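Comments concern the structure below.
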Amino acid sequence: MQLYCNLFGHKFEVSKKVTYHVSEYKCCHCKKELTTNSNGNLTPLTPKYKEINSILSRVHAKRQERLRREELVTTYKLSS
Ligand SMILES: [Zn+2]
């Protein structure tokens, strides 16, 4: 599988969407993992980046939840 990648290049697919701008990618042949760093470039998914991404993902989820709640409140105000 590694040989395939050496010959034809990796074939990365999104394995996890962390935020709108950050995703994790995995090569479907050799399982090499990449992620988007803070500069928007791709970088190998090291344990350090995994940790950063899990924090980012938590913050992102929390923000989404708050946005949804605010939306509900707005809808409620409009309809009452
Ligand atoms: Zn590969």
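Chain labels run A, B, ... following the order of the structure tokens; each chain numbers its residues from 1, and ligands are numbered from 1 in the order shown.
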| task | Kindly compile the residues surrounding ligand 1 within 12 Å, counting only C-alpha atoms and all ligand atoms, and format them as a list of chain:residue names. | result |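 For ligand 1, the residues inside 12 Å are A:Met1, A:Gln2, A:Leu3, A:Tyr4, A:Cys5, A:Asn6, A:Leu7, A:Phe8, A:Gly9, A:His10, A:Lys11, A:Phe12, A:Glu13, A:Tyr25, A:Lys26, A:Cys27, A:Cys28, A:His29, A:Cys30, A:Lys31, A:Lys32, A:Glu33, A:Leu34.
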| Polymer residues at most 12 Å from Lys50 (chain A), only C-alpha atoms, same-chain spacing of 6 or more positions, as a PyMOL selection string | chain A and resi 16+18+22-25+33-37+43-44+56-57
Those same residues, written as a short mmCIF file (atom, residue, chain, number, x, y, z; two decimals), in the first residue's frame with C-alpha atoms?
```cif
data_model
loop_
_atom_site.label_atom_id
_atom_site.label_comp_id
_atom_site.auth_asym_id
_atom_site.auth_seq_id
_atom_site.Cartn_x
_atom_site.Cartn_y
_atom_site.Cartn_z
CA LYS A 16 -13.29 14.09 10.50
CA VAL A 18 -13.38 19.58 13.21
CA VAL A 22 -10.27 22.53 10.01
CA SER A 23 -10.60 18.91 8.93
CA GLU A 24 -8.66 15.72 9.45
CA TYR A 25 -7.72 13.68 6.40
CA GLU A 33 -3.21 11.25 8.50
CA LEU A 34 -3.11 14.99 7.89
CA THR A 35 -4.88 17.96 9.36
CA THR A 36 -5.35 21.65 8.61
CA ASN A 37 -3.20 23.81 10.90
CA THR A 43 0.36 19.15 8.26
CA PRO A 44 0.86 15.59 9.56
CA LEU A 56 -11.28 22.99 18.69
CA SER A 57 -14.08 20.54 18.02
#
```
| task | Quick one: pull the distance between CA of Val59 (chain A) and CA of Thr75 (chain A), Å, one decimal. | result | 24.4 Å
Apply DSSP to the structure's backbone, then extract all residues of chain A labelled strand (DSSP E) and return them as a PDB file with N, CA and C atoms, in the first residue's frame.
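Listing of selection26.pdb after writing:
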```pdb
ATOM      1  N   PHE A  12      -6.117  11.294  -0.150  1.00  0.00           N
ATOM      2  CA  PHE A  12      -6.665  11.713   1.137  1.00  0.00           C
ATOM      3  C   PHE A  12      -8.168  11.916   1.077  1.00  0.00           C
ATOM      4  N   GLU A  13      -8.832  11.429   2.110  1.00  0.00           N
ATOM      5  CA  GLU A  13     -10.261  11.667   2.259  1.00  0.00           C
ATOM      6  C   GLU A  13     -10.491  12.286   3.631  1.00  0.00           C
ATOM      7  N   VAL A  14     -11.525  13.122   3.742  1.00  0.00           N
ATOM      8  CA  VAL A  14     -11.825  13.743   5.034  1.00  0.00           C
ATOM      9  C   VAL A  14     -12.265  12.653   6.009  1.00  0.00           C
ATOM     10  N   SER A  15     -11.559  12.522   7.120  1.00  0.00           N
ATOM     11  CA  SER A  15     -11.934  11.509   8.102  1.00  0.00           C
ATOM     12  C   SER A  15     -12.744  12.130   9.232  1.00  0.00           C
ATOM     13  N   LYS A  16     -12.549  13.429   9.429  1.00  0.00           N
ATOM     14  CA  LYS A  16     -13.289  14.095  10.503  1.00  0.00           C
ATOM     15  C   LYS A  16     -13.337  15.582  10.230  1.00  0.00           C
ATOM     16  N   LYS A  17     -14.519  16.157  10.367  1.00  0.00           N
ATOM     17  CA  LYS A  17     -14.653  17.589  10.214  1.00  0.00           C
ATOM     18  C   LYS A  17     -14.587  18.204  11.608  1.00  0.00           C
ATOM     19  N   SER A  23     -10.174  20.294   9.109  1.00  0.00           N
ATOM     20  CA  SER A  23     -10.598  18.912   8.927  1.00  0.00           C
ATOM     21  C   SER A  23      -9.413  17.989   9.128  1.00  0.00           C
ATOM     22  N   GLU A  24      -9.714  16.727   9.413  1.00  0.00           N
ATOM     23  CA  GLU A  24      -8.662  15.723   9.450  1.00  0.00           C
ATOM     24  C   GLU A  24      -8.824  14.854   8.211  1.00  0.00           C
ATOM     25  N   TYR A  25      -7.703  14.479   7.633  1.00  0.00           N
ATOM     26  CA  TYR A  25      -7.721  13.679   6.403  1.00  0.00           C
ATOM     27  C   TYR A  25      -6.960  12.386   6.626  1.00  0.00           C
ATOM     28  N   LYS A  26      -7.401  11.344   5.922  1.00  0.00           N
ATOM     29  CA  LYS A  26      -6.697  10.081   6.002  1.00  0.00           C
ATOM     30  C   LYS A  26      -6.506   9.532   4.599  1.00  0.00           C
ATOM     31  N   CYS A  27      -5.303   9.042   4.315  1.00  0.00           N
ATOM     32  CA  CYS A  27      -5.043   8.414   3.024  1.00  0.00           C
ATOM     33  C   CYS A  27      -5.704   7.040   3.046  1.00  0.00           C
ATOM     34  N   GLU A  33      -2.233  10.238   8.123  1.00  0.00           N
ATOM     35  CA  GLU A  33      -3.213  11.252   8.496  1.00  0.00           C
ATOM     36  C   GLU A  33      -2.638  12.665   8.434  1.00  0.00           C
ATOM     37  N   LEU A  34      -3.471  13.582   7.963  1.00  0.00           N
ATOM     38  CA  LEU A  34      -3.112  14.991   7.891  1.00  0.00           C
ATOM     39  C   LEU A  34      -4.199  15.812   8.543  1.00  0.00           C
ATOM     40  N   THR A  35      -3.857  17.050   8.877  1.00  0.00           N
ATOM     41  CA  THR A  35      -4.883  17.964   9.357  1.00  0.00           C
ATOM     42  C   THR A  35      -4.573  19.365   8.876  1.00  0.00           C
ATOM     43  N   THR A  36      -5.556  20.251   8.951  1.00  0.00           N
ATOM     44  CA  THR A  36      -5.349  21.647   8.608  1.00  0.00           C
ATOM     45  C   THR A  36      -4.796  22.334   9.849  1.00  0.00           C
ATOM     46  N   LEU A  42      -1.822  22.079   5.217  1.00  0.00           N
ATOM     47  CA  LEU A  42      -1.916  20.694   5.665  1.00  0.00           C
ATOM     48  C   LEU A  42      -0.634  20.291   6.382  1.00  0.00           C
ATOM     49  N   THR A  43      -0.785  19.561   7.460  1.00  0.00           N
ATOM     50  CA  THR A  43       0.356  19.146   8.257  1.00  0.00           C
ATOM     51  C   THR A  43       0.071  17.749   8.796  1.00  0.00           C
ATOM     52  N   PRO A  44       1.110  16.939   9.034  1.00  0.00           N
ATOM     53  CA  PRO A  44       0.856  15.589   9.560  1.00  0.00           C
ATOM     54  C   PRO A  44       0.097  15.640  10.884  1.00  0.00           C
TER      55      PRO A  44
END
```
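As for CA of His60 (chain A) and CA of Thr46 (chain A), they are spaced 20.5 Å apart.
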| said: as number ranges by chain, please: every residue in chain A that a backbone DSSP assignment puts in helix (DSSP H, G or I). | reply: A: 2-8, 47-79
| request: Kindly give the distance, in Å, that separates CA of Arg63 (chain A) and CA of His21 (chain A), rounded to a single decimal. | output: 14.4 Å
